>>> print(open('query.pdb').read())   # PDB, C-alpha atoms
ATOM      1  CA  MET A   1       8.107 160.504-208.393
ATOM      2  CA  ARG A   2       9.681 163.885-208.920
ATOM      3  CA  GLN A   3      10.553 165.443-212.211
ATOM      4  CA  ALA A   4      13.424 167.582-213.486
ATOM      5  CA  HIS A   5      13.098 169.186-216.911
ATOM      6  CA  ASP A   6      15.476 169.815-219.796
ATOM      7  CA  GLY A   7      18.190 167.516-218.553
ATOM      8  CA  GLN A   8      18.651 169.412-215.261
ATOM      9  CA  ASP A   9      19.411 166.864-212.606
ATOM     10  CA  LEU A  10      18.168 167.097-209.066
ATOM     11  CA  ALA A  11      20.649 167.872-206.303
ATOM     12  CA  VAL A  12      22.516 165.005-204.703
ATOM     13  CA  ASP A  13      24.308 165.097-201.312
ATOM     14  CA  ALA A  14      26.615 168.085-201.465
ATOM     15  CA  HIS A  15      28.814 167.036-198.534
ATOM     16  CA  HIS A  16      30.645 163.749-198.377
ATOM     17  CA  LEU A  17      33.465 162.370-196.375
ATOM     18  CA  VAL A  18      36.937 162.331-197.914
ATOM     19  CA  SER A  19      38.061 158.759-198.504
ATOM     20  CA  ASP A  20      41.799 159.296-198.211
ATOM     21  CA  VAL A  21      43.430 161.395-195.501
ATOM     22  CA  ASP A  22      47.123 162.107-195.935
ATOM     23  CA  PRO A  23      49.190 162.086-192.757
ATOM     24  CA  ALA A  24      50.383 165.676-193.136
ATOM     25  CA  PRO A  25      51.985 167.144-190.006
ATOM     26  CA  ASP A  26      49.376 169.734-189.026
ATOM     27  CA  GLY A  27      45.584 169.849-189.047
ATOM     28  CA  ASP A  28      45.180 166.605-190.995
ATOM     29  CA  HIS A  29      46.113 164.517-187.944
ATOM     30  CA  ALA A  30      43.428 166.270-185.949
ATOM     31  CA  VAL A  31      40.883 165.656-188.733
ATOM     32  CA  LEU A  32      41.744 161.981-188.868
ATOM     33  CA  GLY A  33      41.553 161.699-185.098
ATOM     34  CA  GLN A  34      38.121 163.311-185.146
ATOM     35  CA  ARG A  35      36.968 160.989-187.949
ATOM     36  CA  LEU A  36      38.147 157.951-185.979
ATOM     37  CA  ALA A  37      36.412 159.182-182.856
ATOM     38  CA  GLU A  38      33.163 159.682-184.771
ATOM     39  CA  SER A  39      33.402 156.147-186.135
ATOM     40  CA  GLY A  40      33.947 154.698-182.653
ATOM     41  CA  VAL A  41      37.627 153.736-183.143
ATOM     42  CA  ARG A  42      39.716 154.572-180.046
ATOM     43  CA  PRO A  43      43.545 154.377-180.389
ATOM     44  CA  ARG A  44      45.544 153.208-177.415
ATOM     45  CA  ARG A  45      47.191 156.006-175.430
ATOM     46  CA  GLU A  46      50.744 154.983-176.370
ATOM     47  CA  ALA A  47      49.918 155.033-180.091
ATOM     48  CA  ALA A  48      47.780 158.162-180.019
ATOM     49  CA  LEU A  49      47.883 160.699-182.801
ATOM     50  CA  PRO A  50      50.088 163.641-181.867
ATOM     51  CA  HIS A  51      48.784 167.090-181.190
ATOM     52  CA  PRO A  52      49.529 169.394-184.164
ATOM     53  CA  HIS A  53      51.942 171.408-182.008
ATOM     54  CA  ARG A  54      53.840 168.423-180.589
ATOM     55  CA  GLY A  55      56.794 166.615-182.099
ATOM     56  CA  ARG A  56      56.984 163.924-184.752
ATOM     57  CA  LEU A  57      54.919 160.722-184.815
ATOM     58  CA  THR A  58      56.176 157.803-182.776
ATOM     59  CA  LYS A  59      56.805 154.505-184.560
ATOM     60  CA  ASP A  60      53.665 152.982-183.056
ATOM     61  CA  ALA A  61      51.574 155.975-184.058
ATOM     62  CA  GLY A  62      52.889 155.829-187.621
ATOM     63  CA  GLU A  63      51.956 152.173-187.945
ATOM     64  CA  PHE A  64      48.546 152.848-186.456
ATOM     65  CA  LEU A  65      47.978 155.750-188.846
ATOM     66  CA  HIS A  66      48.505 153.471-191.853
ATOM     67  CA  HIS A  67      45.744 151.115-190.681
ATOM     68  CA  ALA A  68      43.520 153.962-189.552
ATOM     69  CA  ARG A  69      43.478 155.419-193.031
ATOM     70  CA  ALA A  70      42.289 152.073-194.390
ATOM     71  CA  LEU A  71      39.532 151.915-191.774
ATOM     72  CA  VAL A  72      38.367 155.407-192.656
ATOM     73  CA  GLY A  73      38.233 154.435-196.334
ATOM     74  CA  ILE A  74      36.069 151.408-195.522
ATOM     75  CA  ALA A  75      33.799 153.553-193.368
ATOM     76  CA  ASP A  76      33.433 156.048-196.228
ATOM     77  CA  GLN A  77      32.464 153.295-198.660
ATOM     78  CA  ALA A  78      29.833 151.988-196.259
ATOM     79  CA  LEU A  79      28.459 155.490-195.770
ATOM     80  CA  GLN A  80      28.237 156.088-199.501
ATOM     81  CA  MET A  81      26.422 152.766-199.926
ATOM     82  CA  LEU A  82      23.857 153.729-197.298
ATOM     83  CA  ARG A  83      23.403 157.139-198.891
ATOM     84  CA  GLY A  84      22.931 155.434-202.261
ATOM     85  CA  ARG A  85      20.119 153.330-200.833
ATOM     86  CA  ARG A  86      18.327 156.439-199.635
ATOM     87  CA  ARG A  87      18.934 158.443-202.815
ATOM     88  CA  SER A  88      16.217 158.595-205.457
ATOM     89  CA  LEU A  89      16.551 156.484-208.588
ATOM     90  CA  ARG A  90      17.111 158.988-211.413
ATOM     91  CA  VAL A  91      15.649 157.946-214.762
ATOM     92  CA  ASP A  92      16.085 159.808-218.046
ATOM     93  CA  VAL A  93      13.172 159.904-220.511
ATOM     94  CA  LEU A  94      12.595 161.809-223.727
ATOM     95  CA  ASP A  95       9.113 163.072-222.860
ATOM     96  CA  THR A  96       6.659 162.483-220.041
ATOM     97  CA  ARG A  97       3.892 161.769-222.585
ATOM     98  CA  LEU A  98       5.720 158.733-223.977
ATOM     99  CA  ALA A  99       5.345 155.059-223.094
ATOM    100  CA  SER A 100       8.473 154.947-220.943
ATOM    101  CA  ILE A 101       6.619 156.902-218.251
ATOM    102  CA  ASP A 102       3.957 154.168-218.088
ATOM    103  CA  VAL A 103       6.703 151.582-217.548
ATOM    104  CA  ILE A 104       8.193 153.633-214.707
ATOM    105  CA  ARG A 105       4.796 154.185-213.099
ATOM    106  CA  ALA A 106       3.975 150.478-213.266
ATOM    107  CA  PHE A 107       7.344 149.645-211.717
ATOM    108  CA  HIS A 108       6.878 152.208-208.965
ATOM    109  CA  GLN A 109       3.652 150.491-207.921
ATOM    110  CA  THR A 110       5.527 147.218-207.351
ATOM    111  CA  VAL A 111       8.139 148.571-204.916
ATOM    112  CA  GLU A 112       7.893 150.204-201.512
ATOM    113  CA  ASP A 113       9.751 153.216-200.135
ATOM    114  CA  VAL A 114      11.447 153.989-203.452
ATOM    115  CA  GLU A 115      11.729 157.545-204.741
ATOM    116  CA  ILE A 116      12.104 158.021-208.491
ATOM    117  CA  ASP A 117      13.199 161.271-210.100
ATOM    118  CA  ILE A 118      12.286 161.781-213.754
ATOM    119  CA  VAL A 119      14.766 163.729-215.890
ATOM    120  CA  THR A 120      13.594 164.813-219.336
ATOM    121  CA  SER A 121      16.238 165.265-222.014
ATOM    122  CA  ASN A 122      16.707 165.173-225.772
ATOM    123  CA  GLY A 123      16.955 161.400-225.942
ATOM    124  CA  LEU A 124      19.919 159.140-226.505
ATOM    125  CA  ARG A 125      22.280 161.991-227.350
ATOM    126  CA  SER A 126      22.185 163.461-223.845
ATOM    127  CA  ALA A 127      21.382 160.224-221.998
ATOM    128  CA  ARG A 128      24.723 158.707-222.972
ATOM    129  CA  GLY A 129      26.658 161.504-221.323
ATOM    130  CA  ALA A 130      24.367 161.608-218.291
ATOM    131  CA  LEU A 131      24.849 157.883-217.714
ATOM    132  CA  ALA A 132      28.605 158.151-218.156
ATOM    133  CA  HIS A 133      28.868 160.961-215.590
ATOM    134  CA  GLY A 134      26.439 159.364-213.148
ATOM    135  CA  SER A 135      23.916 162.207-213.214
ATOM    136  CA  VAL A 136      21.214 159.617-214.031
ATOM    137  CA  ASP A 137      21.024 155.942-213.090
ATOM    138  CA  ALA A 138      19.031 154.676-216.070
ATOM    139  CA  ALA A 139      17.572 155.911-219.337
ATOM    140  CA  PHE A 140      14.853 154.827-221.733
ATOM    141  CA  ALA A 141      15.685 155.423-225.403
ATOM    142  CA  ARG A 142      15.987 153.776-228.780
ATOM    143  CA  VAL A 143      19.602 152.728-229.287
ATOM    144  CA  SER A 144      21.112 154.019-232.503
ATOM    145  CA  GLY A 145      24.658 153.155-233.521
ATOM    146  CA  THR A 146      27.285 151.616-231.271
ATOM    147  CA  LEU A 147      27.189 152.339-227.561
ATOM    148  CA  GLU A 148      30.237 153.004-225.444
ATOM    149  CA  ASP A 149      31.726 149.888-223.817
ATOM    150  CA  ASP A 150      30.723 151.014-220.332
ATOM    151  CA  LEU A 151      27.014 151.318-221.211
ATOM    152  CA  VAL A 152      24.607 148.379-221.004
ATOM    153  CA  SER A 153      21.435 148.177-223.099
ATOM    154  CA  MET A 154      18.525 145.772-222.802
ATOM    155  CA  PRO A 155      15.239 145.742-224.780
ATOM    156  CA  ALA A 156      12.435 147.346-222.804
ATOM    157  CA  TYR A 157       9.343 147.374-225.033
ATOM    158  CA  LEU A 158       8.020 147.564-228.578
ATOM    159  CA  GLU A 159       5.315 150.135-229.254
ATOM    160  CA  GLN A 160       2.987 149.886-232.238
ATOM    161  CA  ALA A 161       2.715 152.945-234.467
ATOM    162  CA  HIS A 162      -0.665 154.602-235.023
ATOM    163  CA  LEU A 163      -1.889 156.832-237.811
ATOM    164  CA  LEU A 164      -3.404 160.220-236.945
ATOM    165  CA  VAL A 165      -5.923 161.752-239.354
ATOM    166  CA  GLY A 166      -8.741 164.278-239.281
ATOM    167  CA  ARG A 167     -12.340 163.044-239.172
ATOM    168  CA  ASP A 168     -12.877 164.054-242.803
ATOM    169  CA  HIS A 169      -9.913 162.035-244.080
ATOM    170  CA  PRO A 170     -10.783 159.011-246.314
ATOM    171  CA  LEU A 171      -9.071 156.643-243.849
ATOM    172  CA  ALA A 172     -10.789 158.049-240.750
ATOM    173  CA  GLY A 173     -13.535 155.421-240.637
ATOM    174  CA  LEU A 174     -11.238 152.392-240.706
ATOM    175  CA  PRO A 175     -10.644 150.326-237.532
ATOM    176  CA  GLN A 176      -7.084 149.756-238.726
ATOM    177  CA  VAL A 177      -5.015 150.590-241.782
ATOM    178  CA  GLU A 178      -2.535 148.404-243.658
ATOM    179  CA  THR A 179       0.947 149.833-243.973
ATOM    180  CA  ALA A 180       0.849 149.447-247.768
ATOM    181  CA  ARG A 181      -2.091 151.877-248.001
ATOM    182  CA  LEU A 182       0.141 154.671-246.739
ATOM    183  CA  ALA A 183       2.490 154.406-249.730
ATOM    184  CA  GLY A 184       2.835 157.737-251.526
ATOM    185  CA  MET A 185       1.430 159.745-248.609
ATOM    186  CA  THR A 186       3.239 162.398-246.563
ATOM    187  CA  ALA A 187       3.280 162.167-242.774
ATOM    188  CA  TRP A 188       3.772 165.450-240.941
ATOM    189  CA  MET A 189       6.143 165.092-237.969
ATOM    190  CA  PRO A 190       7.466 168.539-236.964
ATOM    191  CA  GLY A 191       9.011 167.159-233.759
ATOM    192  CA  ASN A 192      11.519 165.025-235.645
ATOM    193  CA  VAL A 193      14.914 166.529-234.809
ATOM    194  CA  PRO A 194      17.808 165.926-237.250
ATOM    195  CA  GLY A 195      20.287 163.419-235.856
ATOM    196  CA  SER A 196      17.925 162.013-233.224
ATOM    197  CA  GLU A 197      17.230 158.318-232.817
ATOM    198  CA  TRP A 198      13.467 158.714-233.296
ATOM    199  CA  THR A 199      13.925 160.700-236.505
ATOM    200  CA  GLU A 200      16.142 157.925-237.825
ATOM    201  CA  PHE A 201      13.427 155.359-237.035
ATOM    202  CA  TRP A 202      10.715 157.243-238.908
ATOM    203  CA  ASP A 203      13.045 157.913-241.836
ATOM    204  CA  LEU A 204      13.778 154.184-242.107
ATOM    205  CA  PHE A 205      10.076 153.391-241.872
ATOM    206  CA  GLY A 206       9.236 155.919-244.577
ATOM    207  CA  ALA A 207      11.953 154.604-246.886
ATOM    208  CA  ALA A 208      10.769 151.010-246.428
ATOM    209  CA  PHE A 209       7.130 151.753-247.319
ATOM    210  CA  ASP A 210       7.376 154.769-249.657
ATOM    211  CA  ILE A 211       6.061 157.261-247.095
ATOM    212  CA  ARG A 212       7.470 160.774-247.117
ATOM    213  CA  ILE A 213       8.235 162.237-243.698
ATOM    214  CA  ASP A 214       7.707 166.006-243.551
ATOM    215  CA  THR A 215       9.581 167.587-240.636
ATOM    216  CA  THR A 216       8.869 171.232-241.454
ATOM    217  CA  GLY A 217       7.575 173.344-238.582
ATOM    218  CA  PRO A 218       6.428 175.018-236.669
ATOM    219  CA  ASP A 219       6.733 172.640-233.720
ATOM    220  CA  PHE A 220       4.565 174.204-231.021
ATOM    221  CA  GLY A 221       4.041 171.047-228.984
ATOM    222  CA  TRP A 222       1.617 168.146-228.841
ATOM    223  CA  GLU A 223      -1.567 170.207-228.584
ATOM    224  CA  TYR A 224      -0.727 172.172-231.713
ATOM    225  CA  PHE A 225       0.277 169.007-233.569
ATOM    226  CA  VAL A 226      -2.995 167.200-232.810
ATOM    227  CA  GLU A 227      -5.034 170.312-233.581
ATOM    228  CA  GLN A 228      -3.387 170.743-236.974
ATOM    229  CA  ILE A 229      -3.983 167.092-237.886
ATOM    230  CA  GLY A 230      -7.659 167.410-236.982
ATOM    231  CA  SER A 231      -8.216 170.660-238.844
ATOM    232  CA  GLY A 232      -6.711 169.748-242.221
ATOM    233  CA  GLU A 233      -5.761 166.989-244.633
ATOM    234  CA  ARG A 234      -2.407 166.213-243.040
ATOM    235  CA  ILE A 235      -1.673 162.819-241.524
ATOM    236  CA  GLY A 236       0.657 162.135-238.609
ATOM    237  CA  LEU A 237       2.293 159.206-236.857
ATOM    238  CA  ALA A 238       2.614 158.480-233.147
ATOM    239  CA  GLY A 239       3.074 155.587-230.763
ATOM    240  CA  GLU A 240       0.079 153.647-229.491
ATOM    241  CA  TRP A 241       0.815 154.505-225.838
ATOM    242  CA  CYS A 242       1.704 158.139-226.389
ATOM    243  CA  ARG A 243      -0.525 160.311-224.198
ATOM    244  CA  LEU A 244      -1.765 162.570-226.960
ATOM    245  CA  PRO A 245      -4.014 165.507-226.097
ATOM    246  CA  SER A 246      -7.636 164.826-226.916
ATOM    247  CA  HIS A 247      -9.117 166.598-229.918
ATOM    248  CA  PRO A 248     -12.670 166.069-231.203
ATOM    249  CA  ARG A 249     -11.620 166.043-234.846
ATOM    250  CA  THR A 250      -8.552 163.816-234.633
ATOM    251  CA  VAL A 251      -8.724 160.045-235.133
ATOM    252  CA  GLN A 252      -6.056 157.555-234.079
ATOM    253  CA  ILE A 253      -5.844 154.326-236.111
ATOM    254  CA  PRO A 254      -3.555 151.277-235.579
ATOM    255  CA  ILE A 255      -1.206 150.474-238.472
ATOM    256  CA  VAL A 256      -1.003 146.749-239.304
ATOM    257  CA  ASP A 257       0.259 144.148-241.778
ATOM    258  CA  PRO A 258       2.983 144.657-240.776
ATOM    259  CA  ALA A 259       2.664 146.745-237.646
ATOM    260  CA  PRO A 260       5.601 149.166-237.354
ATOM    261  CA  MET A 261       7.018 148.865-233.834
ATOM    262  CA  TYR A 262       9.092 151.547-232.164
ATOM    263  CA  PRO A 263      11.871 149.879-230.117
ATOM    264  CA  CYS A 264      12.814 151.318-226.742
ATOM    265  CA  SER A 265      15.684 150.073-224.586
ATOM    266  CA  LEU A 266      16.675 150.488-220.954
ATOM    267  CA  LEU A 267      20.256 151.720-220.568
ATOM    268  CA  HIS A 268      22.542 151.970-217.563
ATOM    269  CA  HIS A 269      26.241 152.208-216.750
ATOM    270  CA  ARG A 270      28.236 149.082-215.913
ATOM    271  CA  GLN A 271      29.860 150.671-212.863
ATOM    272  CA  HIS A 272      27.089 152.912-211.519
ATOM    273  CA  HIS A 273      24.688 150.649-209.672
ATOM    274  CA  HIS A 274      21.878 152.200-207.704
ATOM    275  CA  PRO A 275      20.428 149.540-205.375
ATOM    276  CA  VAL A 276      16.985 149.836-207.007
ATOM    277  CA  LEU A 277      18.346 149.467-210.557
ATOM    278  CA  ALA A 278      18.384 145.659-210.361
ATOM    279  CA  LEU A 279      14.680 145.696-209.460
ATOM    280  CA  LEU A 280      13.894 147.920-212.430
ATOM    281  CA  THR A 281      15.816 145.733-214.888
ATOM    282  CA  ARG A 282      14.053 142.588-213.634
ATOM    283  CA  PHE A 283      10.686 144.323-213.944
ATOM    284  CA  VAL A 284      11.422 145.365-217.530
ATOM    285  CA  GLU A 285      12.639 141.872-218.425
ATOM    286  CA  SER A 286       9.512 140.238-217.037
ATOM    287  CA  ASP A 287       7.186 142.380-219.142
ATOM    288  CA  PHE A 288       9.112 142.375-222.432
ATOM    289  CA  ARG A 289       7.524 140.775-225.522
ATOM    290  CA  PRO A 290       9.952 139.934-228.343
ATOM    291  CA  PHE A 291       9.668 141.097-231.945
ATOM    292  CA  ASP A 292       7.322 139.028-234.136
ATOM    293  CA  PRO A 293       8.695 139.215-237.701
ATOM    294  CA  GLY A 294       5.551 137.609-239.101
ATOM    295  CA  HIS A 295       3.287 140.493-238.062
ATOM    296  CA  GLN A 296       5.547 143.364-237.073
ATOM    297  CA  TRP A 297       8.163 145.593-238.699
ATOM    298  CA  LEU A 298      11.407 146.873-237.254
ATOM    299  CA  PRO A 299      14.350 148.594-238.918
ATOM    300  CA  ALA A 300      17.104 146.093-239.686
ATOM    301  CA  PRO A 301      19.532 147.514-237.052
ATOM    302  CA  ASP A 302      16.986 146.916-234.244
ATOM    303  CA  ARG A 303      15.864 143.380-235.073
ATOM    304  CA  ALA A 304      18.581 141.301-233.443
ATOM    305  CA  ALA A 305      18.301 142.923-229.984
ATOM    306  CA  PHE A 306      14.497 142.744-229.937
ATOM    307  CA  THR A 307      13.999 139.271-231.430
ATOM    308  CA  MET A 308      15.559 137.400-228.507
ATOM    309  CA  ASP A 309      13.840 137.302-225.132
ATOM    310  CA  PRO A 310      16.371 138.670-222.555
ATOM    311  CA  ARG A 311      15.084 136.187-219.970
TER     312      ARG A 311
END
>>> encode(input="query.pdb", output="structure tokens")
Amino acid sequence: MRQAHDGQDLAVDAHHLVSDVDPAPDGDHAVLGQRLAESGVRPRREAALPHPHRGRLTKDAGEFLHHARALVGIADQALQMLRGRRRSLRVDVLDTRLASIDVIRAFHQTVEDVEIDIVTSNGLRSARGALAHGSVDAAFARVSGTLEDDLVSMPAYLEQAHLLVGRDHPLAGLPQVETARLAGMTAWMPGNVPGSEWTEFWDLFGAAFDIRIDTTGPDFGWEYFVEQIGSGERIGLAGEWCRLPSHPRTVQIPIVDPAPMYPCSLLHHRQHHHPVLALLTRFVESDFRPFDPGHQWLPAPDRAAFTMDPR
């Protein structure tokens, strides 16, 4: 897998064949004749394309030109399909420390001769545009609000939330902590960006269980975040599968009864179909575990999509 940062996509084929050649009277005839020759199509002598400096097309040549243009278009489509098979599958993720990377790695181990390019972005806000323009083939993100009609979303996974505390915190010795015990506390989450889908999730979680979410900075990255949790009385929240930096004074504790679950979906465009995309969607479907309302918590807007098994 290869990675591109900050939403910068990797280069795709810069040169492609033109799918529609107009029968203009000069160099275009020569171009079309060359294209036909390259594709193995040989016109009969009496219907041959005229030299740019000769007279007008004959009737036979004009009729042939009409069909030749169609053949060139079909050849272009076939070429683009073959190029698409060789092109890397481009997948958008929010952060390479998050659980979506584990899903992609697990998928990559199940397929042969497949290149995957990872594009990091700022989540759903940029992924929607990237999918619409075809700069990525798929994206992992929590869906917030109504998607455009040309975007498809399917549930990918539910990730349990964990509590982060320092070793001197009163909750540090517990094997797990009930959600109700966090009522009245303040969770420090400096990476929560206003208007983002993950900030909305944590705001809804805090409102449901009387937990204040503090988003004040500075946000100097994961190492700084974990270090600050371990060195003071602050508490933090993170996903179970998040690859947090190790810190000797930071403890990670599962939250239960109910377990808050962060919902992540796989998105793609209805019309942009990379040949490997179908394999990825089937892999995600096979590993998905639906929402369990008896033991887990989800925000109301996420429950319907994650309660039903997509299989």
>>> resolve_selection(input="query.pdb", expression="the PyMOL selection byres ((chain A and resi 301-308) around 10)", output="PyMOL selection string")
chain A and resi 142-145+153-158+201+262-265+288-293+297-300+309-311
>>> resolve_selection(input="query.pdb", expression="the PyMOL selection byres ((chain A and resi 295) around 7)", output="CSV table (one decimal) with C-alpha atoms, keeping the file's coordinate frame")
chain,number,residue,atom,x,y,z
A,257,ASP,CA,0.3,144.1,-241.8
A,258,PRO,CA,3.0,144.7,-240.8
A,259,ALA,CA,2.7,146.7,-237.6
A,292,ASP,CA,7.3,139.0,-234.1
A,293,PRO,CA,8.7,139.2,-237.7
A,294,GLY,CA,5.6,137.6,-239.1
A,296,GLN,CA,5.5,143.4,-237.1
>>> closest_residue(input="query.pdb", among="A:Val177, A:Cys242, A:Ala161, A:Pro218", to="Asn192 of chain A", atoms="all atoms listed in the file")
A:Pro218
>>> closest_residue(input="query.pdb", among="A:Phe205, A:Trp241, A:Tyr224, A:Phe140", to="Glu159 of chain A", atoms="all atoms listed in the file")
A:Trp241
>>> closest_atom_pairs(input="query.pdb", of="segment 166-226 of chain A", to="segment 118-131 of chain A", cutoff="10 Å", atoms="only C-alpha atoms", output="Markdown table")
| residue | atom | partner | partner_atom | distance |
| --- | --- | --- | --- | --- |
| A:Val193 | CA | A:Asn122 | CA | 9.3 |
| A:Gly195 | CA | A:Arg125 | CA | 8.9 |
| A:Ser196 | CA | A:Arg125 | CA | 7.3 |
| A:Glu197 | CA | A:Leu124 | CA | 6.9 |
| A:Trp198 | CA | A:Gly123 | CA | 8.6 |
>>> write_last_selection(input="query.pdb", atoms="C-alpha atoms", output="short mmCIF file (atom, residue, chain, number, x, y, z; two decimals), in the frame of the given file")
data_model
loop_
_atom_site.label_atom_id
_atom_site.label_comp_id
_atom_site.auth_asym_id
_atom_site.auth_seq_id
_atom_site.Cartn_x
_atom_site.Cartn_y
_atom_site.Cartn_z
CA VAL A 193 14.91 166.53 -234.81
CA GLY A 195 20.29 163.42 -235.86
CA SER A 196 17.92 162.01 -233.22
CA GLU A 197 17.23 158.32 -232.82
CA TRP A 198 13.47 158.71 -233.30
#
>>> atom_distance(input="query.pdb", atom1="atom CA of Gly232 of chain A", atom2="atom CA of Met185 of chain A")
14.4 Å
>>> atom_distance(input="query.pdb", atom1="atom CA of Ile104 of chain A", atom2="atom CA of Ser135 of chain A")
18.0 Å
>>> resolve_selection(input="query.pdb", expression="the PyMOL selection byres ((chain A and resi 163-170) around 7)", output="list of chain:residue names")
A:Ala161, A:His162, A:Leu171, A:Ala172, A:Ile229, A:Gly230, A:Ser231, A:Gly232, A:Glu233, A:Arg234, A:Ile235, A:Gly236, A:Leu237, A:Ala238, A:Arg249, A:Thr250, A:Val251, A:Gln252, A:Ile253, A:Pro254, A:Ile255
>>> atom_distance(input="query.pdb", atom1="atom CA of Val111 of chain A", atom2="atom CA of Val276 of chain A")
9.2 Å
>>> closest_residue(input="query.pdb", among="A:Phe225, A:Thr281, A:Asp287, A:Leu267", to="Leu147 of chain A", atoms="only C-alpha atoms")
A:Leu267
>>> residues_around(input="query.pdb", residues="Glu223 of chain A", least_positions_apart="6", cutoff="9 Å", atoms="all atoms listed in the file", output="list in words")
Leu244, Pro245, Ser246 and His247 of chain A
>>> closest_residue(input="query.pdb", among="A:Glu227, A:Gln109, A:Pro275, A:Gln160", to="Met261 of chain A", atoms="all atoms listed in the file")
A:Gln160
>>> closest_residue(input="query.pdb", among="A:Pro248, A:Gly184, A:Gly173, A:Pro194", to="Gly206 of chain A", atoms="all atoms listed in the file")
A:Gly184
>>> build_atoms(input="query.pdb", residues="segment 185-198 of chain A", atoms="N, CA, C and O atoms", output="PDB file, in the frame of the given file")
ATOM      1  N   MET A 185       1.947 158.667-249.457  1.00  0.00           N
ATOM      2  CA  MET A 185       1.430 159.745-248.609  1.00  0.00           C
ATOM      3  C   MET A 185       2.583 160.472-247.905  1.00  0.00           C
ATOM      4  O   MET A 185       3.720 160.003-247.880  1.00  0.00           O
ATOM      5  N   THR A 186       2.263 161.614-247.329  1.00  0.00           N
ATOM      6  CA  THR A 186       3.239 162.398-246.563  1.00  0.00           C
ATOM      7  C   THR A 186       2.764 162.525-245.132  1.00  0.00           C
ATOM      8  O   THR A 186       1.652 163.003-244.877  1.00  0.00           O
ATOM      9  N   ALA A 187       3.602 162.069-244.199  1.00  0.00           N
ATOM     10  CA  ALA A 187       3.280 162.167-242.774  1.00  0.00           C
ATOM     11  C   ALA A 187       3.987 163.381-242.185  1.00  0.00           C
ATOM     12  O   ALA A 187       5.207 163.548-242.339  1.00  0.00           O
ATOM     13  N   TRP A 188       3.216 164.226-241.525  1.00  0.00           N
ATOM     14  CA  TRP A 188       3.772 165.450-240.941  1.00  0.00           C
ATOM     15  C   TRP A 188       4.250 165.159-239.523  1.00  0.00           C
ATOM     16  O   TRP A 188       3.461 164.757-238.659  1.00  0.00           O
ATOM     17  N   MET A 189       5.547 165.363-239.279  1.00  0.00           N
ATOM     18  CA  MET A 189       6.143 165.092-237.969  1.00  0.00           C
ATOM     19  C   MET A 189       7.117 166.219-237.626  1.00  0.00           C
ATOM     20  O   MET A 189       8.343 166.070-237.731  1.00  0.00           O
ATOM     21  N   PRO A 190       6.600 167.375-237.211  1.00  0.00           N
ATOM     22  CA  PRO A 190       7.466 168.539-236.964  1.00  0.00           C
ATOM     23  C   PRO A 190       8.412 168.359-235.777  1.00  0.00           C
ATOM     24  O   PRO A 190       9.378 169.107-235.640  1.00  0.00           O
ATOM     25  N   GLY A 191       8.146 167.380-234.909  1.00  0.00           N
ATOM     26  CA  GLY A 191       9.011 167.159-233.759  1.00  0.00           C
ATOM     27  C   GLY A 191      10.220 166.292-234.048  1.00  0.00           C
ATOM     28  O   GLY A 191      11.033 166.044-233.146  1.00  0.00           O
ATOM     29  N   ASN A 192      10.360 165.841-235.285  1.00  0.00           N
ATOM     30  CA  ASN A 192      11.519 165.025-235.645  1.00  0.00           C
ATOM     31  C   ASN A 192      12.759 165.904-235.773  1.00  0.00           C
ATOM     32  O   ASN A 192      12.859 166.742-236.673  1.00  0.00           O
ATOM     33  N   VAL A 193      13.709 165.711-234.872  1.00  0.00           N
ATOM     34  CA  VAL A 193      14.914 166.529-234.809  1.00  0.00           C
ATOM     35  C   VAL A 193      16.023 165.844-235.592  1.00  0.00           C
ATOM     36  O   VAL A 193      16.281 164.651-235.395  1.00  0.00           O
ATOM     37  N   PRO A 194      16.708 166.543-236.493  1.00  0.00           N
ATOM     38  CA  PRO A 194      17.808 165.926-237.250  1.00  0.00           C
ATOM     39  C   PRO A 194      18.859 165.312-236.326  1.00  0.00           C
ATOM     40  O   PRO A 194      19.257 165.919-235.330  1.00  0.00           O
ATOM     41  N   GLY A 195      19.267 164.097-236.642  1.00  0.00           N
ATOM     42  CA  GLY A 195      20.287 163.419-235.856  1.00  0.00           C
ATOM     43  C   GLY A 195      19.773 162.652-234.660  1.00  0.00           C
ATOM     44  O   GLY A 195      20.545 161.969-233.978  1.00  0.00           O
ATOM     45  N   SER A 196      18.475 162.727-234.381  1.00  0.00           N
ATOM     46  CA  SER A 196      17.925 162.013-233.224  1.00  0.00           C
ATOM     47  C   SER A 196      17.582 160.576-233.592  1.00  0.00           C
ATOM     48  O   SER A 196      17.366 160.244-234.762  1.00  0.00           O
ATOM     49  N   GLU A 197      17.504 159.735-232.580  1.00  0.00           N
ATOM     50  CA  GLU A 197      17.230 158.318-232.817  1.00  0.00           C
ATOM     51  C   GLU A 197      15.798 158.079-233.298  1.00  0.00           C
ATOM     52  O   GLU A 197      15.533 157.155-234.055  1.00  0.00           O
ATOM     53  N   TRP A 198      14.841 158.909-232.843  1.00  0.00           N
ATOM     54  CA  TRP A 198      13.467 158.714-233.296  1.00  0.00           C
ATOM     55  C   TRP A 198      13.283 159.206-234.733  1.00  0.00           C
ATOM     56  O   TRP A 198      12.522 158.610-235.499  1.00  0.00           O
TER      57      TRP A 198
END
